[in-house]
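Chemist: I'm passing along query_0.txt; it holds compact mmCIF, C-alpha atoms.
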```
# COMPACT_ATOMS: atom_id res chain seq x y z
CA MET A 18 39.08 5.96 18.99
CA ALA A 19 40.45 4.78 15.65
CA PRO A 20 39.80 1.06 15.08
CA SER A 21 42.67 -1.11 16.23
CA ILE A 22 42.68 -2.96 12.92
CA LEU A 23 44.17 0.13 11.27
CA LEU A 24 47.24 -0.30 13.44
CA VAL A 25 47.49 -3.90 12.28
CA LEU A 26 47.46 -2.77 8.68
CA LEU A 27 50.04 -0.10 9.39
CA SER A 28 52.35 -2.71 10.87
CA LEU A 29 52.32 -4.56 7.54
CA LEU A 30 54.00 -1.65 5.82
CA LEU A 31 57.70 -2.16 6.06
CA ILE A 32 60.52 -0.93 3.83
CA PRO A 33 59.30 0.62 0.53
CA THR A 34 60.70 -1.26 -2.44
CA SER A 35 60.69 -0.84 -6.18
CA GLY A 36 60.43 -3.21 -9.09
CA TYR A 37 57.25 -4.81 -7.81
CA VAL A 38 55.02 -6.55 -10.35
CA GLN A 39 51.28 -6.24 -9.75
CA PRO A 40 49.70 -9.60 -10.64
CA HIS A 41 46.23 -8.16 -11.20
CA GLU A 42 44.85 -4.62 -11.29
CA ASP A 43 41.90 -5.46 -9.02
CA GLY A 44 44.08 -6.92 -6.26
CA PHE A 45 44.57 -4.33 -3.53
CA ILE A 46 46.85 -6.57 -1.43
CA SER A 47 49.50 -8.38 -3.44
CA GLY A 48 52.41 -10.61 -2.62
CA VAL A 49 55.47 -11.94 -4.38
CA ILE A 50 57.15 -15.10 -3.11
CA SER A 51 60.80 -14.88 -4.11
CA ASP A 52 63.16 -17.75 -4.88
CA LYS A 53 64.20 -17.78 -1.23
CA GLY A 54 60.58 -18.06 -0.20
CA LEU A 55 60.01 -20.86 -2.71
CA ASP A 56 63.03 -22.73 -1.34
CA TYR A 57 61.64 -22.39 2.17
CA ALA A 58 58.22 -23.67 1.07
CA LYS A 59 59.89 -26.50 -0.87
CA ASP A 60 61.87 -27.64 2.18
CA LEU A 61 58.74 -27.46 4.33
CA LEU A 62 56.74 -29.56 1.86
CA ILE A 63 59.53 -32.11 1.52
CA ASP A 64 59.78 -32.45 5.31
CA LYS A 65 56.01 -32.98 5.52
CA GLY A 66 56.15 -35.46 2.66
CA VAL A 67 58.98 -37.46 4.21
CA ALA A 68 57.12 -37.52 7.54
CA SER A 69 54.08 -39.00 5.79
CA ILE A 70 56.16 -41.72 4.13
CA VAL A 71 58.36 -42.82 7.05
CA LEU A 72 56.90 -45.92 8.74
CA LEU A 73 54.68 -46.44 5.70
CA GLN A 74 54.05 -50.16 5.20
CA LEU A 75 54.09 -51.44 1.63
CA PRO A 76 51.81 -54.18 0.32
CA GLU A 77 52.85 -57.78 0.86
CA ILE A 78 54.75 -59.36 -2.05
CA GLU A 79 54.28 -63.02 -2.94
CA LYS A 80 56.12 -64.85 -5.67
CA SER A 81 56.93 -68.37 -6.77
CA VAL A 82 60.51 -68.96 -7.85
CA GLN A 83 62.51 -71.95 -9.03
CA VAL A 84 65.40 -72.79 -6.72
CA PRO A 85 68.16 -75.04 -8.08
CA LEU A 86 68.25 -78.51 -6.49
CA ILE A 87 65.27 -77.68 -4.36
CA GLY A 88 62.49 -76.96 -6.79
CA LYS A 89 59.66 -74.48 -6.79
CA ALA A 90 59.44 -72.27 -3.70
CA LYS A 91 56.70 -69.96 -2.56
CA VAL A 92 58.25 -66.78 -1.10
CA VAL A 93 56.39 -64.06 0.79
CA LEU A 94 57.81 -60.67 1.78
CA SER A 95 55.71 -58.97 4.47
CA GLU A 96 55.81 -56.00 6.85
CA ILE A 97 57.83 -54.06 4.29
CA THR A 98 58.30 -50.76 6.09
CA ILE A 99 60.08 -47.57 5.02
CA LYS A 100 62.19 -46.71 8.09
CA ASP A 101 63.76 -43.44 6.97
CA ILE A 102 64.52 -41.30 3.93
CA GLN A 103 67.54 -39.08 3.40
CA ILE A 104 67.40 -36.22 0.87
CA ASN A 105 70.61 -35.45 -1.00
CA SER A 106 69.45 -32.49 -3.10
CA SER A 107 66.26 -30.79 -4.17
CA SER A 108 65.15 -27.90 -6.33
CA VAL A 109 62.06 -25.91 -7.24
CA LYS A 110 61.49 -23.96 -10.44
CA THR A 111 58.59 -21.90 -11.71
CA GLY A 112 57.56 -20.94 -15.19
CA GLU A 113 54.77 -21.05 -17.72
CA SER A 114 54.52 -24.83 -17.40
CA GLY A 115 53.87 -24.59 -13.66
CA ILE A 116 55.81 -25.24 -10.47
CA VAL A 117 58.33 -28.06 -10.75
CA LEU A 118 59.76 -29.71 -7.62
CA VAL A 119 62.54 -32.29 -7.98
CA VAL A 120 64.27 -34.44 -5.35
CA SER A 121 67.37 -36.28 -6.56
CA GLY A 122 69.87 -38.69 -5.08
CA ALA A 123 67.63 -39.68 -2.19
CA THR A 124 68.22 -42.84 -0.17
CA ALA A 125 65.80 -44.90 1.90
CA ASN A 126 66.12 -47.74 4.38
CA LEU A 127 63.48 -50.44 4.58
CA SER A 128 62.88 -53.37 6.86
CA MET A 129 60.83 -56.48 6.12
CA ARG A 130 60.12 -60.06 7.05
CA TRP A 131 60.48 -62.99 4.65
CA ARG A 132 59.37 -66.59 4.63
CA TYR A 133 59.34 -69.40 2.12
CA SER A 134 58.13 -72.96 1.80
CA CYS A 135 58.77 -75.62 -0.81
CA SER A 136 58.60 -79.32 -1.41
CA THR A 137 60.08 -81.60 -4.03
CA TRP A 138 59.84 -85.26 -5.00
CA LEU A 139 63.44 -85.64 -3.82
CA ILE A 140 62.54 -84.34 -0.37
CA PRO A 141 58.97 -85.37 0.47
CA ILE A 142 59.09 -83.41 3.74
CA GLY A 143 58.30 -79.74 3.16
CA ILE A 144 61.10 -77.23 3.67
CA SER A 145 60.43 -73.79 5.11
CA ASP A 146 62.35 -70.93 6.65
CA SER A 147 61.77 -67.33 7.73
CA GLY A 148 63.64 -64.30 8.92
CA THR A 149 64.11 -60.58 8.55
CA ALA A 150 65.82 -58.41 5.98
CA SER A 151 66.96 -54.87 5.44
CA VAL A 152 66.81 -53.00 2.16
CA LYS A 153 68.90 -50.03 1.06
CA VAL A 154 67.41 -47.90 -1.73
CA LYS A 155 69.83 -45.60 -3.54
CA GLY A 156 69.66 -42.99 -6.28
CA MET A 157 65.96 -42.32 -5.82
CA GLN A 158 64.49 -39.52 -7.98
CA VAL A 159 61.15 -37.90 -7.16
CA GLY A 160 59.47 -35.17 -9.18
CA LEU A 161 56.18 -33.40 -9.55
CA THR A 162 54.71 -30.54 -11.55
CA VAL A 163 51.72 -28.55 -10.32
CA ASN A 164 49.84 -25.51 -11.50
CA LEU A 165 47.90 -22.83 -9.63
CA ARG A 166 44.76 -21.22 -11.05
CA ASN A 167 42.09 -18.93 -9.70
CA GLN A 168 38.77 -20.72 -9.33
CA GLU A 169 36.00 -18.33 -8.31
CA GLY A 170 38.15 -16.51 -5.77
CA THR A 171 40.05 -19.51 -4.43
CA LEU A 172 43.23 -21.20 -5.62
CA LYS A 173 42.98 -24.48 -7.49
CA LEU A 174 46.07 -26.69 -7.28
CA THR A 175 46.35 -29.18 -10.16
CA LEU A 176 48.85 -32.04 -10.32
CA LEU A 177 50.11 -32.10 -13.90
CA ASP A 178 52.84 -34.72 -13.67
CA TYR A 179 54.54 -36.78 -10.95
CA GLY A 180 56.58 -39.89 -10.41
CA CYS A 181 59.29 -41.72 -8.50
CA TYR A 182 62.24 -43.72 -9.83
CA VAL A 183 64.46 -46.04 -7.81
CA GLY A 184 68.00 -46.21 -9.14
CA ASP A 185 69.41 -49.15 -7.21
CA LEU A 186 68.75 -51.24 -4.13
CA SER A 187 70.45 -53.94 -2.13
CA ILE A 188 68.96 -56.58 0.17
CA LYS A 189 70.56 -58.10 3.22
CA LEU A 190 68.91 -61.10 4.89
CA ASP A 191 69.13 -62.06 8.55
CA GLY A 192 67.84 -65.07 10.45
CA GLY A 193 67.62 -68.81 9.79
CA ALA A 194 69.73 -70.09 6.92
CA SER A 195 69.41 -66.78 5.17
CA TRP A 196 72.87 -66.92 3.64
CA LEU A 197 71.64 -69.79 1.45
CA TYR A 198 68.78 -67.82 0.07
CA GLN A 199 70.33 -64.48 -0.92
CA LEU A 200 70.00 -65.52 -4.53
CA LEU A 201 66.34 -66.28 -3.95
CA VAL A 202 65.51 -62.86 -2.49
CA ASP A 203 67.51 -61.04 -5.18
CA ALA A 204 64.72 -62.03 -7.52
CA PHE A 205 62.49 -59.57 -5.62
CA GLU A 206 64.55 -56.44 -6.27
CA VAL A 207 62.33 -55.31 -9.14
CA ASN A 208 59.18 -55.99 -7.12
CA ILE A 209 60.46 -54.05 -4.09
CA ALA A 210 61.60 -51.14 -6.26
CA SER A 211 58.19 -51.00 -7.94
CA ALA A 212 56.43 -51.10 -4.57
CA VAL A 213 58.52 -48.16 -3.31
CA GLU A 214 57.91 -46.17 -6.49
CA GLU A 215 54.16 -46.77 -6.39
CA ALA A 216 53.88 -46.00 -2.67
CA ILE A 217 55.71 -42.67 -2.98
CA SER A 218 53.76 -41.74 -6.12
CA ASP A 219 50.50 -42.49 -4.31
CA LYS A 220 51.62 -40.27 -1.42
CA ILE A 221 52.39 -37.43 -3.83
CA ARG A 222 48.94 -37.68 -5.37
CA GLU A 223 47.33 -37.91 -1.93
CA GLY A 224 49.34 -34.98 -0.53
CA ILE A 225 48.59 -32.66 -3.45
CA GLY A 226 44.92 -33.59 -3.18
CA LYS A 227 44.87 -32.66 0.52
CA LEU A 228 46.68 -29.39 -0.19
CA ASP A 229 44.20 -28.56 -2.95
CA ASN A 230 41.28 -29.29 -0.60
CA LEU A 231 42.85 -27.00 1.98
CA LEU A 232 43.19 -24.17 -0.55
CA GLN A 233 39.62 -24.70 -1.72
CA SER A 234 38.35 -24.59 1.86
CA LEU A 235 39.92 -21.22 2.65
CA SER A 236 37.30 -18.58 3.39
CA LYS A 237 36.91 -15.71 0.97
CA GLN A 238 36.54 -13.29 3.85
CA ILE A 239 38.00 -13.00 7.33
CA SER A 240 35.92 -11.54 10.13
CA LEU A 241 38.00 -8.95 11.97
CA ASP A 242 35.49 -7.90 14.62
CA LYS A 243 31.74 -7.35 14.97
CA THR A 244 31.87 -4.57 12.39
CA ALA A 245 34.23 -5.42 9.58
CA ALA A 246 35.57 -8.29 7.52
CA LEU A 247 38.43 -8.46 5.05
CA ASN A 248 37.75 -9.65 1.51
CA VAL A 249 40.55 -12.18 0.92
CA SER A 250 39.22 -13.72 -2.28
CA PHE A 251 41.97 -14.23 -4.85
CA VAL A 252 41.96 -12.02 -7.91
CA GLY A 253 43.32 -13.22 -11.23
CA ASN A 254 45.67 -16.16 -11.74
CA PRO A 255 49.04 -16.33 -9.97
CA VAL A 256 51.87 -15.05 -12.13
CA LEU A 257 54.73 -17.54 -12.36
CA SER A 258 58.08 -16.10 -13.39
CA ASN A 259 61.47 -17.79 -13.54
CA SER A 260 62.15 -17.22 -9.84
CA SER A 261 58.96 -16.08 -8.11
CA ILE A 262 55.20 -16.39 -7.75
CA ALA A 263 52.99 -13.30 -7.59
CA ILE A 264 49.47 -13.50 -6.16
CA ALA A 265 46.80 -10.93 -5.36
CA ILE A 266 43.71 -10.78 -3.18
CA ASN A 267 40.94 -8.22 -3.22
CA GLY A 268 42.05 -6.98 0.21
CA LEU A 269 39.27 -4.44 0.83
CA PHE A 270 37.34 -4.05 4.08
CA ILE A 271 33.62 -4.78 3.97
CA GLY A 272 30.83 -4.70 6.53
CA ARG A 273 30.16 -7.99 8.29
CA ASN A 274 26.69 -8.21 6.72
CA GLU A 275 27.73 -7.15 3.25
CA ALA A 276 27.95 -9.58 0.35
CA LEU A 277 31.19 -9.93 -1.57
CA VAL A 278 30.48 -7.52 -4.40
CA PRO A 279 32.94 -5.46 -6.41
CA GLN A 280 33.83 -2.15 -4.78
CA VAL A 281 34.82 0.78 -6.95
CA PHE A 282 37.97 2.69 -5.98
CA GLN A 283 40.18 4.87 -8.08
CA LYS A 284 43.65 3.50 -8.48
CA GLY A 285 46.29 5.35 -6.50
CA LEU A 286 49.61 4.60 -4.88
CA LYS A 287 50.55 1.41 -3.14
CA ILE A 288 53.29 0.68 -0.67
CA SER A 289 55.46 -2.35 -1.23
CA ALA A 290 57.00 -4.10 1.71
CA ALA A 291 59.38 -6.95 2.25
CA CYS A 292 59.27 -9.37 5.15
CA GLY A 293 61.16 -12.46 6.18
CA GLY A 294 64.53 -10.82 6.79
CA LEU A 295 67.48 -10.69 4.44
CA PRO A 296 67.40 -12.17 1.90
CA LYS A 297 63.72 -11.36 1.48
CA MET A 298 61.34 -14.29 1.05
CA ILE A 299 58.06 -12.40 0.62
CA LYS A 300 57.23 -8.95 -0.65
CA VAL A 301 53.85 -7.47 0.20
CA SER A 302 52.12 -4.57 -1.51
CA ILE A 303 49.17 -2.85 0.19
CA HIS A 304 47.17 -0.34 -1.81
CA GLU A 305 45.95 2.84 -0.14
CA ASN A 306 42.40 1.80 -1.04
CA VAL A 307 42.67 -0.88 1.66
CA PHE A 308 42.96 1.88 4.27
CA LYS A 309 40.25 3.93 2.59
CA SER A 310 37.84 0.99 2.64
CA ALA A 311 38.58 0.40 6.35
CA SER A 312 37.94 4.07 7.09
CA LEU A 313 34.63 4.01 5.22
CA VAL A 314 33.36 0.76 6.79
CA TYR A 315 33.99 1.84 10.38
CA PHE A 316 32.67 5.35 9.77
CA ASN A 317 29.43 4.10 8.19
CA ALA A 318 28.98 1.69 11.10
CA GLY A 319 29.18 4.57 13.58
CA LYS A 320 32.24 3.12 15.27
CA MET A 321 34.35 6.27 15.13
CA GLN A 322 32.77 7.72 18.23
CA LEU A 323 33.89 7.90 21.85
CA ILE A 324 32.35 9.28 25.04
CA ILE A 325 34.80 10.31 27.75
CA ASP A 326 33.33 10.58 31.24
CA GLU A 327 36.44 9.58 33.17
CA LEU A 328 39.89 11.15 33.17
CA PRO A 329 42.98 10.88 35.38
CA ASN A 330 42.25 14.49 36.37
CA GLN A 331 38.52 14.02 36.93
CA ALA A 332 38.10 17.66 38.00
CA ILE A 333 38.29 18.70 34.32
CA LEU A 334 34.91 17.04 33.82
CA ASN A 335 33.16 19.41 36.24
CA THR A 336 31.94 22.88 35.42
CA ALA A 337 33.70 24.24 38.51
CA GLU A 338 37.05 23.71 36.80
CA TRP A 339 35.84 25.98 33.97
CA ARG A 340 34.53 28.90 36.00
CA PHE A 341 37.43 31.18 35.02
CA ILE A 342 37.77 29.95 31.44
CA VAL A 343 34.07 29.84 30.48
CA PRO A 344 32.22 31.81 33.19
CA GLN A 345 28.88 31.44 31.44
CA LEU A 346 29.13 27.65 31.63
CA TYR A 347 29.66 27.71 35.39
CA LYS A 348 26.94 30.31 35.85
CA GLN A 349 24.30 28.24 34.03
CA TYR A 350 25.42 24.84 35.39
CA PRO A 351 27.30 25.28 38.67
CA ASN A 352 29.22 22.23 39.93
CA ASP A 353 27.69 19.88 37.36
CA ASP A 354 29.55 16.93 35.90
CA MET A 355 30.41 16.88 32.21
CA GLN A 356 31.34 14.46 29.47
CA LEU A 357 33.07 14.81 26.10
CA ASN A 358 31.33 13.25 23.10
CA ILE A 359 34.03 12.77 20.46
CA SER A 360 33.01 11.70 16.98
CA VAL A 361 34.62 11.70 13.54
CA SER A 362 32.48 13.92 11.33
CA SER A 363 33.50 12.36 7.98
CA PRO A 364 35.55 9.38 6.81
CA PRO A 365 39.27 10.03 7.43
CA LEU A 366 41.25 10.93 4.34
CA ILE A 367 44.08 8.48 3.67
CA GLN A 368 46.95 9.17 1.32
CA VAL A 369 49.89 6.88 0.62
CA THR A 370 53.23 8.18 -0.62
CA TYR A 371 56.48 6.36 -1.20
CA GLN A 372 57.78 7.71 2.11
CA ASP A 373 54.84 7.31 4.50
CA ILE A 374 51.09 7.18 5.03
CA GLY A 375 49.21 10.39 5.72
CA ALA A 376 45.81 10.74 7.36
CA THR A 377 43.54 13.74 7.87
CA ILE A 378 40.80 13.34 10.46
CA PHE A 379 37.94 15.74 11.16
CA VAL A 380 36.66 15.41 14.70
CA ASP A 381 33.77 17.06 16.54
CA ILE A 382 34.08 17.33 20.32
CA THR A 383 30.71 18.05 21.90
CA ILE A 384 30.76 19.24 25.53
CA ASP A 385 27.82 17.74 27.42
CA VAL A 386 26.61 18.80 30.86
CA LEU A 387 25.05 16.09 33.04
CA GLU A 388 22.26 17.66 35.05
CA GLY A 389 19.28 15.99 36.71
CA GLY A 390 19.78 12.77 34.75
CA GLN A 391 19.81 14.65 31.45
CA VAL A 392 22.61 15.06 28.92
CA ILE A 393 22.68 18.69 27.76
CA PRO A 394 24.98 19.59 24.82
CA VAL A 395 26.34 23.09 25.42
CA ALA A 396 29.11 23.55 22.84
CA CYS A 397 30.86 21.81 19.95
CA ILE A 398 34.47 22.21 18.97
CA SER A 399 35.75 21.00 15.60
CA VAL A 400 39.28 19.65 15.41
CA ASP A 401 41.28 19.02 12.23
CA ILE A 402 44.19 16.64 12.64
CA SER A 403 46.76 15.74 10.00
CA ALA A 404 49.46 13.18 10.74
CA SER A 405 51.79 10.80 8.97
CA CYS A 406 53.37 7.54 9.96
CA ALA A 407 55.90 5.05 8.68
CA VAL A 408 56.48 1.54 9.97
CA GLU A 409 59.30 -0.89 9.34
CA ILE A 410 60.46 -4.24 10.63
CA VAL A 411 64.01 -4.31 11.96
CA LYS A 412 65.02 -7.93 12.57
CA ASN A 413 62.24 -9.25 14.84
CA LYS A 414 60.92 -5.88 16.00
CA ILE A 415 58.42 -3.41 14.59
CA ALA A 416 59.64 0.18 14.62
CA GLY A 417 58.05 3.34 13.29
CA ARG A 418 57.37 7.01 13.69
CA LEU A 419 54.26 9.14 13.99
CA ARG A 420 54.45 12.81 13.08
CA LEU A 421 51.75 15.39 13.81
CA GLN A 422 51.64 17.76 10.86
CA LYS A 423 48.60 19.90 11.64
CA PHE A 424 46.32 20.44 14.61
CA SER A 425 43.69 23.17 14.49
CA THR A 426 40.48 23.87 16.42
CA TYR A 427 37.54 26.18 15.96
CA LEU A 428 34.19 26.70 17.63
CA LYS A 429 31.41 25.07 15.64
CA TRP A 430 28.52 26.22 17.85
CA SER A 431 27.91 27.27 21.46
CA LYS A 432 25.02 27.78 23.88
CA ILE A 433 27.28 29.30 26.53
CA GLY A 434 28.69 32.25 24.65
CA LYS A 435 32.00 32.73 22.93
CA LEU A 436 34.83 30.44 23.93
CA HIS A 437 38.51 31.36 24.03
CA MET A 438 39.76 28.48 21.94
CA ASN A 439 43.38 28.70 23.03
CA LEU A 440 42.35 28.30 26.68
CA VAL A 441 39.83 25.57 25.93
CA GLN A 442 42.37 23.68 23.86
CA GLY A 443 44.90 23.83 26.67
CA ASN A 444 42.36 22.71 29.26
CA ILE A 445 40.79 19.80 27.29
CA LEU A 446 43.19 18.73 24.63
CA GLY A 447 46.47 19.62 26.28
```
In structure tokens, how does this file's structure come out?
Modeler:
Amino acid sequence: MAPSILLVLLSLLLIPTSGYVQPHEDGFISGVISDKGLDYAKDLLIDKGVASIVLLQLPEIEKSVQVPLIGKAKVVLSEITIKDIQINSSSVKTGESGIVLVVSGATANLSMRWRYSCSTWLIPIGISDSGTASVKVKGMQVGLTVNLRNQEGTLKLTLLDYGCYVGDLSIKLDGGASWLYQLLVDAFEVNIASAVEEAISDKIREGIGKLDNLLQSLSKQISLDKTAALNVSFVGNPVLSNSSIAIAINGLFIGRNEALVPQVFQKGLKISAACGGLPKMIKVSIHENVFKSASLVYFNAGKMQLIIDELPNQAILNTAEWRFIVPQLYKQYPNDDMQLNISVSSPPLIQVTYQDIGATIFVDITIDVLEGGQVIPVACISVDISASCAVEIVKNKIAGRLRLQKFSTYLKWSKIGKLHMNLVQGNILG
């Protein structure tokens, strides 16, 4: 009967932790990405960046150079392609200035084609040659600094600084009389290095732009089902410390047709949780108001209601089965089918402690008799249920416990006389 989304939220609550920093008081779901999480994200971004650069073709380079004894030669380097990149070391740091990512000691291998032509008054017939070459780039340094800011409920990623520096490179020519022209191609080292630096810098700018567009395109609410949506608009600016990033979203449930307007809840306890294994990469904090908002949305939508007209022991839903327990029922409606109309009478009460989550649910069970195509309510039993649960993630599995703390019933009203509640409870609810 309870909405399945509540179970999803419960599964997010793992091991309670302390020392959590709330990035913003209006964020009811908060997260902290630790240094381990930042390293993971850094490696993922670097892998994506390298994949976008490999097989990248650089612009053609053309240059006129003076060759001893030959004269002026026109040299063209074409099909300059980055074949692979190897990362030696990388780091990511956070602070007031933003998020700084640095790659150092990287190497890259390039391939290219070369050709030249020249003529001189000593040799009236033009001279030309062509071939291939390989380039080894060493000591490459790449860095960028970005900042994250809240922009009307979404995250804005701004590129503050970036660049690429090539430490050294060597060129090896193949084909034709290439051994004669090593000196000639050496004159292009600066041009090739500049082309690599500009290409990688352009890719950084392009990649950050795409990532910013992705963040800006994220919806501010997620539809969960036909009834509810989750308000996932960001609240406040991310908090950047020396080794972590803390973010917060509103996190409250809203009706599918409701606008994103502030909802007023009194501050209470939150449960912090860590996920990603040991060492923890992400810590999540879910405020009890998230559960309260879910309870209120589904209750107001009339979704906390269930009609039971089929049971494994179908005989229970016939008045004949009740003739000894409630004689008046069988006397008034002999051998008639029945159904149980179960509805939550008020929004469930949710309370979060540091040990578990408690819930108190007030349920009305109306006994209906089905006679002559009519549904006839004959009695209503109120049930008060109090339970607690705790959930944790152990390795790759979700484990938890559910404890029933209180279960009480009483007769709310009856058209078939007084009911013996202990017998009714055993017959219906047992």
Chemist: Name the closest residue to A:Ile217 among the candidates A:Val109, A:Val249, A:Leu257, A:Val67; distances are taken between atoms, counting all atoms listed in the file.
Modeler: A:Val67
Chemist: Which distance in Å separates atom CA of A:Glu169 and atom CA of A:Ile116, to one decimal?
Modeler: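 So the answer is 21.1 Å.
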Chemist: Show me, as number ranges by chain, the residues that have an atom within 6 Å of A:Gly160 when counting only C-alpha atoms, minus same-chain residues fewer than 6 positions from it.
Modeler: A: 118-119, 179-180
Chemist: What is the distance, in Å and to one decimal place, between atom CA of A:Glu113 and atom CA of A:Leu228?
Modeler: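 Atom CA of A:Leu228 lies at a distance of 21.0 Å from atom CA of A:Glu113.
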Chemist: Using only C-alpha atoms, can you tell me which of A:Asn317, A:Val154, A:Gly389, A:Gly226 comes closest to A:Ser211?
Modeler: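 When distances to A:Ser211 are compared using only C-alpha atoms, the smallest one comes from A:Val154.
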Chemist: Between A:Pro344, A:Gly48, A:Pro364, A:Pro351, single out the one closest to A:Ala311, counting only C-alpha atoms.
Modeler: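 For A:Ala311, the nearest of the candidates is A:Pro364.
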Chemist: Pick from A:Thr171, A:Ser258, A:Ser51, A:Ser405: nearest to A:Asp373, with only C-alpha atoms counted?
Modeler: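 Closest residue, counting only C-alpha atoms: A:Ser405.
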Chemist: Ranking A:Gln103, A:Ser363, A:Gln356, A:Ser234 by minimum distance to A:Gly156 and counting all atoms listed in the file, which one comes first?
Modeler: A:Gln103
Chemist: May I ask for the distance between atom CA of A:Arg166 and atom CA of A:Leu247, given in Å to one decimal place?
Modeler: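 These atoms are spaced 21.5 Å apart.
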Chemist: Which is closer to A:Gly319 than all the others in A:Val307, A:Val343, A:Val361, A:Ala68, using all atoms listed in the file?
Modeler: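 Of all the options, A:Val361 lies closest to A:Gly319.
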Chemist: Which neighbours of A:Val49 fall inside 8 Å, counting all atoms listed in the file, when residues of the same chain fewer than 2 positions from it are skipped, and could you give them as a list in words?
Modeler: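 Once the adjacent positions are removed, what remains is Ser47, Ser51, Ser261, Ile262, Ala263, Ile264, Ile299, Lys300 and Val301 of chain A.
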Chemist: Restrict the selected residues to C-alpha atoms and save them as a PDB file, keeping the file's coordinate frame.
Modeler:
```
ATOM      1  CA  SER A  47      49.500  -8.380  -3.440  1.00  0.00           C
ATOM      2  CA  SER A  51      60.800 -14.880  -4.110  1.00  0.00           C
ATOM      3  CA  SER A 261      58.960 -16.080  -8.110  1.00  0.00           C
ATOM      4  CA  ILE A 262      55.200 -16.390  -7.750  1.00  0.00           C
ATOM      5  CA  ALA A 263      52.990 -13.300  -7.590  1.00  0.00           C
ATOM      6  CA  ILE A 264      49.470 -13.500  -6.160  1.00  0.00           C
ATOM      7  CA  ILE A 299      58.060 -12.400   0.620  1.00  0.00           C
ATOM      8  CA  LYS A 300      57.230  -8.950  -0.650  1.00  0.00           C
ATOM      9  CA  VAL A 301      53.850  -7.470   0.200  1.00  0.00           C
TER      10      VAL A 301
END
```
Chemist: Tell me which residues come within 10 Å of (62.9, -39.2, -9.2), as a list of chain:residue names, counting all atoms listed in the file in the file's coordinates.
Modeler: A:Val119, A:Val120, A:Ser121, A:Gly122, A:Ala123, A:Gly156, A:Met157, A:Gln158, A:Val159, A:Gly160, A:Leu161, A:Tyr179, A:Gly180, A:Cys181, A:Tyr182, A:Val183, A:Gly184, A:Glu214, A:Ser218
Chemist: Taking only residues of stretch 123-222 of chain A that have an atom at most 12 Å from an atom of stretch 77-80 of chain A, what is each one's shortest atom pair and its distance in Å to one decimal, using all atoms listed in the file, in chain and number order, as a Markdown table?
Modeler:
```
| residue | atom | partner | partner_atom | distance |
| --- | --- | --- | --- | --- |
| A:Met129 | CA | A:Glu77 | CA | 9.6 |
| A:Arg130 | CA | A:Glu77 | CA | 9.8 |
| A:Trp131 | CA | A:Ile78 | CA | 9.5 |
| A:Arg132 | CA | A:Glu79 | CA | 9.8 |
| A:Tyr133 | CA | A:Lys80 | CA | 9.6 |
| A:Ser134 | CA | A:Lys80 | CA | 11.2 |
| A:Leu201 | CA | A:Lys80 | CA | 10.5 |
| A:Val202 | CA | A:Lys80 | CA | 10.1 |
| A:Ala204 | CA | A:Lys80 | CA | 9.2 |
| A:Phe205 | CA | A:Lys80 | CA | 8.3 |
| A:Glu206 | CA | A:Ile78 | CA | 11.1 |
| A:Val207 | CA | A:Ile78 | CA | 11.1 |
| A:Asn208 | CA | A:Ile78 | CA | 7.5 |
| A:Ile209 | CA | A:Ile78 | CA | 8.1 |
| A:Ala210 | CA | A:Ile78 | CA | 11.5 |
| A:Ser211 | CA | A:Ile78 | CA | 10.8 |
| A:Ala212 | CA | A:Ile78 | CA | 8.8 |
| A:Val213 | CA | A:Ile78 | CA | 11.9 |
```
Chemist: Please provide the set of residues having any atom within 12 Å of A:Lys227, restricted to only C-alpha atoms, with same-chain residues fewer than 4 positions apart removed, written as a count of residues only.
Modeler: 13
Chemist: Since the input is missing atoms for stretch 76-81 of chain A, could you rebuild it with N, CA, C and O atoms and give the result as a tab-separated table (two decimals), in the coordinates of the input?
Modeler:
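part_27.tsv written:
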```
chain	number	residue	atom	x	y	z
A	76	PRO	N	52.59	-52.94	0.47
A	76	PRO	CA	51.81	-54.18	0.32
A	76	PRO	C	52.70	-55.42	0.35
A	76	PRO	O	53.86	-55.39	-0.06
A	77	GLU	N	52.15	-56.50	0.82
A	77	GLU	CA	52.85	-57.78	0.86
A	77	GLU	C	53.15	-58.25	-0.57
A	77	GLU	O	52.34	-58.09	-1.48
A	78	ILE	N	54.33	-58.85	-0.73
A	78	ILE	CA	54.75	-59.36	-2.05
A	78	ILE	C	54.87	-60.88	-1.97
A	78	ILE	O	55.55	-61.41	-1.09
A	79	GLU	N	54.24	-61.56	-2.90
A	79	GLU	CA	54.28	-63.02	-2.94
A	79	GLU	C	54.70	-63.45	-4.33
A	79	GLU	O	54.25	-62.90	-5.34
A	80	LYS	N	55.59	-64.43	-4.37
A	80	LYS	CA	56.12	-64.85	-5.67
A	80	LYS	C	56.59	-66.30	-5.59
A	80	LYS	O	57.09	-66.75	-4.56
A	81	SER	N	56.42	-67.00	-6.67
A	81	SER	CA	56.93	-68.37	-6.77
A	81	SER	C	58.19	-68.36	-7.63
A	81	SER	O	58.17	-67.81	-8.75
```
